[in-house]
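This is structure-v4.txt (compact mmCIF, C-alpha atoms and all ligand atoms).
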```
# COMPACT_ATOMS: atom_id res chain seq x y z
CA MET B 1 121.46 14.32 88.56
CA LYS B 2 120.44 15.84 91.89
CA LYS B 3 117.61 18.37 91.87
CA LEU B 4 116.04 20.63 94.46
CA VAL B 5 112.55 21.40 95.59
CA ILE B 6 112.65 24.61 97.63
CA ARG B 7 109.67 25.50 99.80
CA GLN B 8 110.61 29.14 100.46
CA MET B 9 112.45 30.93 97.66
CA VAL B 10 113.26 34.62 97.32
CA PHE B 11 114.64 36.36 94.23
CA GLU B 12 116.30 39.73 94.80
CA VAL B 13 115.28 41.22 91.46
CA THR B 14 116.90 44.63 91.94
CA ARG B 15 118.81 46.72 94.46
CA LYS B 16 117.35 49.95 93.08
CA CYS B 17 114.74 51.83 95.04
CA ASN B 18 112.78 55.03 94.46
CA VAL B 19 112.50 55.97 98.15
CA LYS B 20 114.81 55.96 101.15
CA CYS B 21 113.07 54.51 104.20
CA LYS B 22 114.56 55.05 107.63
CA HIS B 23 113.92 51.43 108.58
CA CYS B 24 115.28 49.80 105.39
CA LEU B 25 117.12 46.63 106.39
CA ARG B 26 118.91 46.48 103.04
CA GLY B 27 120.84 49.71 103.57
CA LYS B 28 121.85 52.07 100.77
CA ALA B 29 120.24 51.34 97.41
CA GLU B 30 122.54 50.21 94.59
CA ALA B 31 122.10 50.67 90.84
CA VAL B 32 122.11 46.98 90.01
CA ASP B 33 119.44 44.56 88.78
CA MET B 34 119.43 40.77 88.73
CA ASP B 35 121.22 39.25 85.77
CA THR B 36 118.72 36.70 84.47
CA SER B 37 121.53 34.41 83.28
CA HIS B 38 121.83 33.55 86.99
CA ILE B 39 118.23 32.36 86.92
CA ALA B 40 118.84 30.01 84.01
CA LYS B 41 121.83 28.50 85.84
CA PHE B 42 119.84 28.14 89.07
CA PHE B 43 116.77 26.63 87.40
CA LYS B 44 118.89 23.89 85.76
CA ARG B 45 118.97 22.15 89.14
CA VAL B 46 115.50 23.01 90.41
CA ASN B 47 112.50 20.71 90.22
CA ALA B 48 109.85 22.91 91.86
CA LEU B 49 109.45 26.01 94.05
CA SER B 50 106.60 26.37 96.52
CA ASP B 51 106.39 29.95 97.81
CA VAL B 52 108.23 32.42 95.59
CA THR B 53 108.96 36.00 96.72
CA PHE B 54 110.21 38.77 94.46
CA SER B 55 112.18 41.13 96.64
CA GLY B 56 114.51 44.08 96.37
CA GLY B 57 115.07 46.93 96.42
CA GLU B 58 111.77 47.88 94.88
CA PRO B 59 110.41 45.14 92.59
CA SER B 60 107.93 47.39 90.76
CA LEU B 61 110.92 49.08 89.06
CA VAL B 62 111.85 45.90 87.17
CA PRO B 63 108.70 44.05 86.11
CA TYR B 64 110.55 42.67 83.08
CA ILE B 65 112.94 40.77 85.38
CA ILE B 66 110.04 39.18 87.28
CA ASP B 67 108.54 38.35 83.88
CA ASN B 68 111.83 36.74 82.73
CA ILE B 69 112.05 34.60 85.86
CA MET B 70 108.49 33.38 85.34
CA HIS B 71 109.13 32.65 81.66
CA ILE B 72 112.32 30.69 82.33
CA ALA B 73 110.39 28.69 84.95
CA LYS B 74 107.65 28.02 82.39
CA GLU B 75 110.14 26.90 79.73
CA LYS B 76 111.74 24.48 82.16
CA SER B 77 108.37 23.32 83.57
CA ILE B 78 109.22 24.44 87.09
CA PRO B 79 105.95 25.00 88.96
CA PHE B 80 105.32 27.67 91.62
CA ASP B 81 102.59 27.24 94.25
CA ASN B 82 102.31 30.83 95.53
CA PHE B 83 103.97 34.18 94.99
CA TYR B 84 104.54 37.20 97.20
CA ILE B 85 105.59 40.74 96.34
CA ALA B 86 105.98 43.66 98.73
CA THR B 87 106.05 47.06 97.06
CA ASN B 88 106.15 50.64 98.28
CA GLY B 89 103.45 51.30 95.64
CA VAL B 90 104.97 54.56 94.39
CA LYS B 91 105.33 53.34 90.79
CA GLN B 92 102.35 51.49 89.40
CA LEU B 93 103.53 50.70 85.90
CA PRO B 94 101.07 48.79 83.71
CA ASP B 95 103.81 46.17 83.16
CA PHE B 96 104.06 45.59 86.91
CA ILE B 97 100.30 45.11 87.19
CA ARG B 98 100.35 42.75 84.19
CA VAL B 99 103.14 40.63 85.64
CA ILE B 100 101.23 40.32 88.94
CA MET B 101 98.23 38.98 87.04
CA GLU B 102 100.42 36.56 85.05
CA LEU B 103 102.05 35.29 88.22
CA TYR B 104 98.63 34.67 89.69
CA LEU B 105 97.69 32.61 86.64
CA TYR B 106 101.02 30.71 86.71
CA CYS B 107 100.85 29.66 90.36
CA ASP B 108 99.23 26.30 91.06
CA SER B 109 97.74 27.13 94.45
CA ASN B 110 97.52 30.88 95.21
CA GLU B 111 96.26 29.90 98.64
CA ILE B 112 98.73 32.33 100.22
CA SER B 113 99.74 34.45 97.21
CA ALA B 114 99.82 38.12 98.11
CA VAL B 115 100.90 41.57 97.02
CA LYS B 116 101.65 43.81 99.94
CA VAL B 117 101.60 47.57 99.52
CA SER B 118 103.56 48.87 102.48
CA ARG B 119 101.65 51.60 104.26
CA ASP B 120 103.26 51.16 107.64
CA GLN B 121 104.30 54.08 109.78
CA TYR B 122 107.74 54.33 108.14
CA HIS B 123 106.63 54.03 104.54
CA ARG B 124 103.78 56.49 104.98
CA GLU B 125 106.30 59.28 105.37
CA VAL B 126 107.81 58.62 101.97
CA THR B 127 105.05 57.10 99.87
CA ALA B 128 102.23 59.62 99.87
CA ARG B 129 100.23 58.88 96.74
CA PRO B 130 96.74 59.43 95.42
CA LYS B 131 94.12 56.75 96.08
CA PRO B 132 92.49 54.69 94.77
CA SER B 133 94.99 53.46 92.22
CA LEU B 134 95.03 50.47 89.89
CA LEU B 135 97.26 48.62 92.31
CA ASP B 136 94.83 49.32 95.17
CA ILE B 137 92.10 47.66 93.16
CA LEU B 138 94.17 44.59 92.26
CA VAL B 139 96.12 44.19 95.42
CA ILE B 140 95.56 40.99 97.30
CA THR B 141 96.84 42.09 100.69
CA GLN B 142 97.59 45.50 102.13
CA GLU B 143 99.56 45.79 105.27
CA GLU B 144 99.18 48.54 107.80
CA SER B 145 101.61 49.25 110.59
CA SER B 146 101.43 45.94 112.48
CA ASP B 147 104.47 44.39 110.78
CA TYR B 148 106.66 47.36 111.52
CA HIS B 149 106.40 48.10 115.18
CA PRO B 150 109.90 48.77 116.55
CA GLU B 151 110.27 45.23 117.95
CA GLY B 152 109.48 43.87 114.47
CA LEU B 153 112.41 45.65 112.85
CA ILE B 154 115.55 43.70 112.13
CA ALA B 155 118.89 45.25 113.01
CA GLU B 156 120.28 45.25 109.49
CA GLY B 157 121.04 48.13 107.10
CA ARG B 158 119.50 51.45 108.20
CA ALA B 159 117.34 49.68 110.83
CA LYS B 160 120.47 48.98 112.91
CA LYS B 161 120.01 52.33 114.60
CA PHE B 162 116.59 51.43 116.03
CA PRO B 163 117.28 50.48 119.65
CA ARG B 164 114.59 47.79 119.82
CA ALA B 165 115.36 46.18 116.45
CA ARG B 166 116.10 42.48 116.87
CA GLU B 167 119.13 40.55 115.72
CA ASN B 168 118.81 38.60 112.48
CA ARG B 169 119.55 34.85 112.37
CA GLU B 170 120.08 32.15 109.80
CA ASP B 171 117.34 29.54 109.51
CA THR B 172 117.93 25.87 110.36
CA PRO B 173 117.07 23.99 107.18
CA ARG B 174 115.07 20.76 107.27
CA TYR B 175 115.32 18.39 104.37
CA TYR B 176 114.10 15.06 103.09
CA TYR B 177 114.23 13.10 99.85
CA ASP B 178 111.40 12.48 97.42
CA ASP B 179 109.69 9.11 98.00
CA GLU B 180 109.97 8.09 94.38
CA ASN B 181 113.26 9.71 93.43
CA ASP B 182 115.94 10.10 96.05
CA ASP B 183 117.91 12.37 93.72
CA ILE B 184 115.37 15.06 94.61
CA MET B 185 116.10 16.88 97.87
CA ILE B 186 113.23 18.88 99.39
CA VAL B 187 114.43 21.83 101.47
CA GLU B 188 112.07 23.51 103.92
CA GLU B 189 112.16 25.76 107.00
CA MET B 190 114.90 27.79 105.33
CA THR B 191 114.35 30.82 103.15
CA VAL B 192 116.71 30.45 100.20
CA TYR B 193 117.67 33.88 98.86
CA LEU B 194 119.18 34.41 95.41
CA ASN B 195 120.64 37.89 95.20
CA VAL B 196 121.38 40.08 92.17
CA HIS B 197 124.93 38.72 91.98
CA GLY B 198 123.90 35.04 91.92
CA ASP B 199 124.81 34.41 95.57
CA LEU B 200 122.62 31.88 97.40
CA ILE B 201 122.04 32.94 100.99
CA ASN B 202 120.29 31.45 104.02
CA GLY B 203 117.59 33.99 104.98
CA CYS B 204 115.91 36.95 103.34
CA ASP B 205 116.48 39.71 105.88
CA TRP B 206 120.17 40.47 105.46
CA SER B 207 121.44 43.87 104.36
CA TYR B 208 123.37 44.07 101.09
CA GLU B 209 126.51 44.33 103.21
CA SER B 210 125.75 41.32 105.45
CA GLN B 211 124.77 39.12 102.53
CA LYS B 212 128.48 38.73 101.75
CA ASP B 213 129.00 37.04 105.14
CA HIS B 214 126.06 34.66 104.72
CA MET B 215 126.65 33.46 101.17
CA ILE B 216 126.49 29.67 100.77
CA THR B 217 127.61 29.52 97.14
CA ASN B 218 127.19 31.34 93.83
CA VAL B 219 125.13 29.87 91.01
CA THR B 220 127.76 30.80 88.40
CA LYS B 221 130.04 28.12 89.88
CA ASP B 222 129.96 24.74 88.15
CA ASN B 223 129.57 23.01 91.50
CA TRP B 224 127.09 25.38 93.19
CA MET B 225 124.62 22.54 93.72
CA GLY B 226 127.22 20.38 95.49
CA GLU B 227 128.17 23.28 97.77
CA PHE B 228 124.52 24.03 98.51
CA ILE B 229 123.72 20.42 99.41
CA GLU B 230 126.84 20.21 101.57
CA TYR B 231 125.62 23.29 103.47
CA VAL B 232 122.15 21.84 104.01
CA LEU B 233 123.57 18.51 105.21
CA GLU B 234 125.98 20.23 107.58
CA HIS B 235 123.60 22.83 109.04
CA GLY B 236 120.22 21.15 108.62
CA GLU B 237 118.17 18.38 110.10
CA GLN B 238 116.72 15.51 108.13
CA GLU B 239 112.99 14.91 108.39
CA ASN B 240 111.71 11.35 108.32
CA TYR B 241 108.33 11.31 106.66
S1 LIG W 301 112.28 49.41 102.77
FE1 LIG W 301 111.80 48.88 100.65
S2 LIG W 301 110.88 50.78 99.82
FE2 LIG W 301 111.99 51.35 101.68
S3 LIG W 301 114.06 51.96 100.98
FE3 LIG W 301 114.15 49.77 101.55
S4 LIG W 301 113.80 48.71 99.62
FE4 LIG W 301 113.08 50.80 99.33
```

This structure in structure tokens:
Amino acid sequence: MKKLVIRQMVFEVTRKCNVKCKHCLRGKAEAVDMDTSHIAKFFKRVNALSDVTFSGGEPSLVPYIIDNIMHIAKEKSIPFDNFYIATNGVKQLPDFIRVIMELYLYCDSNEISAVKVSRDQYHREVTARPKPSLLDILVITQEESSDYHPEGLIAEGRAKKFPRARENREDTPRYYYDDENDDIMIVEEMTVYLNVHGDLINGCDWSYESQKDHMITNVTKDNWMGEFIEYVLEHGEQENY
């Protein structure tokens, strides 16, 4: 049975958000969370994930979904190397803090694990909050405005109206097969995005609207793995290690 190792994986854990940033590349928030039955179906064909991002929407609103993903991974012995979460930091629920600590303990490497509290020029307008907070004490990385200068914005969702926002592109996947088991395909150089509906998408910066145009397959299909591999073979380049 074929299995995947994915170097860059993103889970869209919710489309809810508690603020409304002008630069939000997702567009209008939606009242929908990830159905964790999608995770179980996806993990059936996964051997390992390297860098795992929990995205949204605002991930701090659904710590129990992040927790479920980590627990399903544990049950199926699927290791993570690093994790990454970006949050607007408005809600600092104890459960969110706890899940960050558990993720840290679950990851094998943590060399590049990070929690980013967005305090860039756009978020500052909407996320005024008292400091210091528990999250400020625990946070691994805080990001100031450098990521969000106008040229850094991607012309998706609400950010489309920024004149200097750049066009988004799909990644070119690179792949190779495990030395000892050629049923294991290792996919790198492509961010694999699993959205709340179970769609697998190439790239993590699409708006909710654009995601429909960039869907590779949906993990509720019996043959999602076959369709995913077909996509990688057709659009990717094989590495020879
Ligand atoms: S950028 Fe993040 S915090 Fe701001 S509206 Fe979009 S999802 Fe919410």

- Go through the chains and note each residue within 10 Å of ligand LIG 301 (chain W), using all atoms listed in the file, then give the set as JSON, numbers by chain. {"B": [14, 15, 16, 17, 18, 19, 20, 21, 22, 23, 24, 25, 26, 27, 28, 29, 55, 56, 57, 58, 59, 86, 87, 88, 89, 90, 117, 118, 122, 123, 126, 127, 157, 158, 159, 207]}

- Query: Using all atoms listed in the file, which of the listed residues (B:Gln211, B:Asn110, B:Ser60, B:Asn68) sits closest to Asp81 in chain B?
  - Reply: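 So, comparing all the options, the nearest one is B:Asn110.
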
Specify the axis-aligned box that encloses all atoms of range 169-173 of chain B listed in the file after padding of 8 Å on each side, stating its centre and edge lengths in Å to one decimal as lines of an AutoDock Vina configuration file.
```
center_x = 118.6
center_y = 29.4
center_z = 109.8
size_x = 19.0
size_y = 26.9
size_z = 21.2
```

- Task: May I ask which of the residues B:Ile100, B:Gln92, B:Glu12, B:Ile112 is the closest one to Ser50 in chain B, counting only C-alpha atoms?
- Result: B:Ile112

- Item | Nearest-residue call for Phe228 in chain B, choices B:Cys204, B:Val187, B:Met34, B:Val196, using all atoms listed in the file | B:Val187

- Interatomic distance (Å, one decimal) between CA of Asp222 in chain B and CA of Asn181 in chain B: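 Interatomic distance here is 23.1 Å.
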
- Item | Contacts of range 232-236 of chain B within 8 Å, all atoms listed in the file, excl. fewer than 6 positions in-chain, as a list in words |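 In the requested format, the answer is Thr172, Pro173, Arg174 and Tyr175 of chain B.
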
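Comparing the minimum interatomic distances between Ser109 in chain B and each of B:Asp33, B:Asp51, B:Asp213, B:Glu189, counting only C-alpha atoms, we find that B:Asp51 sits nearest.
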
Would you mind listing what lies within 10 Å of Lys44 in chain B as a PDB file with C-alpha atoms, in the frame of the given file, with all atoms listed in the file counted and same-chain residues fewer than 3 positions away left out?
```
ATOM      1  CA  LYS B   3     117.610  18.370  91.870  1.00  0.00           C
ATOM      2  CA  LEU B   4     116.040  20.630  94.460  1.00  0.00           C
ATOM      3  CA  ILE B  39     118.230  32.360  86.920  1.00  0.00           C
ATOM      4  CA  ALA B  40     118.840  30.010  84.010  1.00  0.00           C
ATOM      5  CA  LYS B  41     121.830  28.500  85.840  1.00  0.00           C
ATOM      6  CA  ASN B  47     112.500  20.710  90.220  1.00  0.00           C
ATOM      7  CA  ALA B  73     110.390  28.690  84.950  1.00  0.00           C
ATOM      8  CA  LYS B  76     111.740  24.480  82.160  1.00  0.00           C
ATOM      9  CA  ILE B  78     109.220  24.440  87.090  1.00  0.00           C
ATOM     10  CA  MET B 225     124.620  22.540  93.720  1.00  0.00           C
TER      11      MET B 225
END
```

Start from the incomplete input, build N, CA and C atoms for range 205-234 of chain B, and deliver everything as an mmCIF file, in the coordinates of the input.
```
data_model
loop_
_atom_site.group_PDB
_atom_site.id
_atom_site.type_symbol
_atom_site.label_atom_id
_atom_site.label_comp_id
_atom_site.auth_asym_id
_atom_site.auth_seq_id
_atom_site.Cartn_x
_atom_site.Cartn_y
_atom_site.Cartn_z
ATOM 1 N N ASP B 205 116.510 38.414 105.199
ATOM 2 C CA ASP B 205 116.480 39.710 105.880
ATOM 3 C C ASP B 205 117.863 40.318 106.106
ATOM 4 N N TRP B 206 118.829 39.912 105.310
ATOM 5 C CA TRP B 206 120.170 40.470 105.460
ATOM 6 C C TRP B 206 120.315 41.754 104.644
ATOM 7 N N SER B 207 121.122 42.666 105.136
ATOM 8 C CA SER B 207 121.440 43.870 104.360
ATOM 9 C C SER B 207 122.325 43.466 103.178
ATOM 10 N N TYR B 208 122.465 44.351 102.223
ATOM 11 C CA TYR B 208 123.370 44.070 101.090
ATOM 12 C C TYR B 208 124.769 43.776 101.614
ATOM 13 N N GLU B 209 125.175 44.500 102.636
ATOM 14 C CA GLU B 209 126.510 44.330 103.210
ATOM 15 C C GLU B 209 126.640 42.954 103.876
ATOM 16 N N SER B 210 125.664 42.601 104.719
ATOM 17 C CA SER B 210 125.750 41.320 105.450
ATOM 18 C C SER B 210 125.619 40.109 104.552
ATOM 19 N N GLN B 211 124.962 40.283 103.414
ATOM 20 C CA GLN B 211 124.770 39.120 102.530
ATOM 21 C C GLN B 211 126.109 38.466 102.180
ATOM 22 N N LYS B 212 127.153 39.290 102.097
ATOM 23 C CA LYS B 212 128.480 38.730 101.750
ATOM 24 C C LYS B 212 128.937 37.721 102.792
ATOM 25 N N ASP B 213 128.557 37.941 104.058
ATOM 26 C CA ASP B 213 129.000 37.040 105.140
ATOM 27 C C ASP B 213 128.121 35.784 105.240
ATOM 28 N N HIS B 214 126.987 35.784 104.563
ATOM 29 C CA HIS B 214 126.060 34.660 104.720
ATOM 30 C C HIS B 214 125.846 33.898 103.409
ATOM 31 N N MET B 215 126.748 34.133 102.465
ATOM 32 C CA MET B 215 126.650 33.460 101.170
ATOM 33 C C MET B 215 127.022 31.979 101.303
ATOM 34 N N ILE B 216 126.199 31.120 100.738
ATOM 35 C CA ILE B 216 126.490 29.670 100.770
ATOM 36 C C ILE B 216 127.328 29.305 99.550
ATOM 37 N N THR B 217 126.897 29.786 98.394
ATOM 38 C CA THR B 217 127.610 29.520 97.140
ATOM 39 C C THR B 217 127.123 30.539 96.119
ATOM 40 N N ASN B 218 127.646 30.441 94.898
ATOM 41 C CA ASN B 218 127.190 31.340 93.830
ATOM 42 C C ASN B 218 126.819 30.479 92.622
ATOM 43 N N VAL B 219 125.647 30.756 92.048
ATOM 44 C CA VAL B 219 125.130 29.870 91.010
ATOM 45 C C VAL B 219 125.931 29.904 89.700
ATOM 46 N N THR B 220 126.900 30.817 89.596
ATOM 47 C CA THR B 220 127.760 30.800 88.400
ATOM 48 C C THR B 220 128.857 29.738 88.522
ATOM 49 N N LYS B 221 129.034 29.175 89.714
ATOM 50 C CA LYS B 221 130.040 28.120 89.880
ATOM 51 C C LYS B 221 129.508 26.810 89.299
ATOM 52 N N ASP B 222 130.398 26.031 88.699
ATOM 53 C CA ASP B 222 129.960 24.740 88.150
ATOM 54 C C ASP B 222 129.384 23.851 89.236
ATOM 55 N N ASN B 223 129.979 23.927 90.426
ATOM 56 C CA ASN B 223 129.570 23.010 91.500
ATOM 57 C C ASN B 223 128.691 23.683 92.560
ATOM 58 N N TRP B 224 127.883 24.682 92.156
ATOM 59 C CA TRP B 224 127.090 25.380 93.190
ATOM 60 C C TRP B 224 126.144 24.420 93.903
ATOM 61 N N MET B 225 125.590 23.466 93.126
ATOM 62 C CA MET B 225 124.620 22.540 93.720
ATOM 63 C C MET B 225 125.279 21.680 94.810
ATOM 64 N N GLY B 226 126.492 21.190 94.512
ATOM 65 C CA GLY B 226 127.220 20.380 95.490
ATOM 66 C C GLY B 226 127.489 21.175 96.758
ATOM 67 N N GLU B 227 127.879 22.441 96.592
ATOM 68 C CA GLU B 227 128.170 23.280 97.770
ATOM 69 C C GLU B 227 126.888 23.564 98.552
ATOM 70 N N PHE B 228 125.790 23.753 97.825
ATOM 71 C CA PHE B 228 124.520 24.030 98.510
ATOM 72 C C PHE B 228 124.077 22.814 99.326
ATOM 73 N N ILE B 229 124.150 21.646 98.708
ATOM 74 C CA ILE B 229 123.720 20.420 99.410
ATOM 75 C C ILE B 229 124.617 20.164 100.631
ATOM 76 N N GLU B 230 125.906 20.381 100.445
ATOM 77 C CA GLU B 230 126.840 20.210 101.570
ATOM 78 C C GLU B 230 126.431 21.124 102.742
ATOM 79 N N TYR B 231 126.052 22.349 102.429
ATOM 80 C CA TYR B 231 125.620 23.290 103.470
ATOM 81 C C TYR B 231 124.382 22.776 104.193
ATOM 82 N N VAL B 232 123.405 22.312 103.402
ATOM 83 C CA VAL B 232 122.150 21.840 104.010
ATOM 84 C C VAL B 232 122.421 20.619 104.895
ATOM 85 N N LEU B 233 123.276 19.710 104.421
ATOM 86 C CA LEU B 233 123.570 18.510 105.210
ATOM 87 C C LEU B 233 124.306 18.879 106.500
ATOM 88 N N GLU B 234 125.180 19.856 106.401
ATOM 89 C CA GLU B 234 125.980 20.230 107.580
ATOM 90 C C GLU B 234 125.169 21.037 108.602
#
```
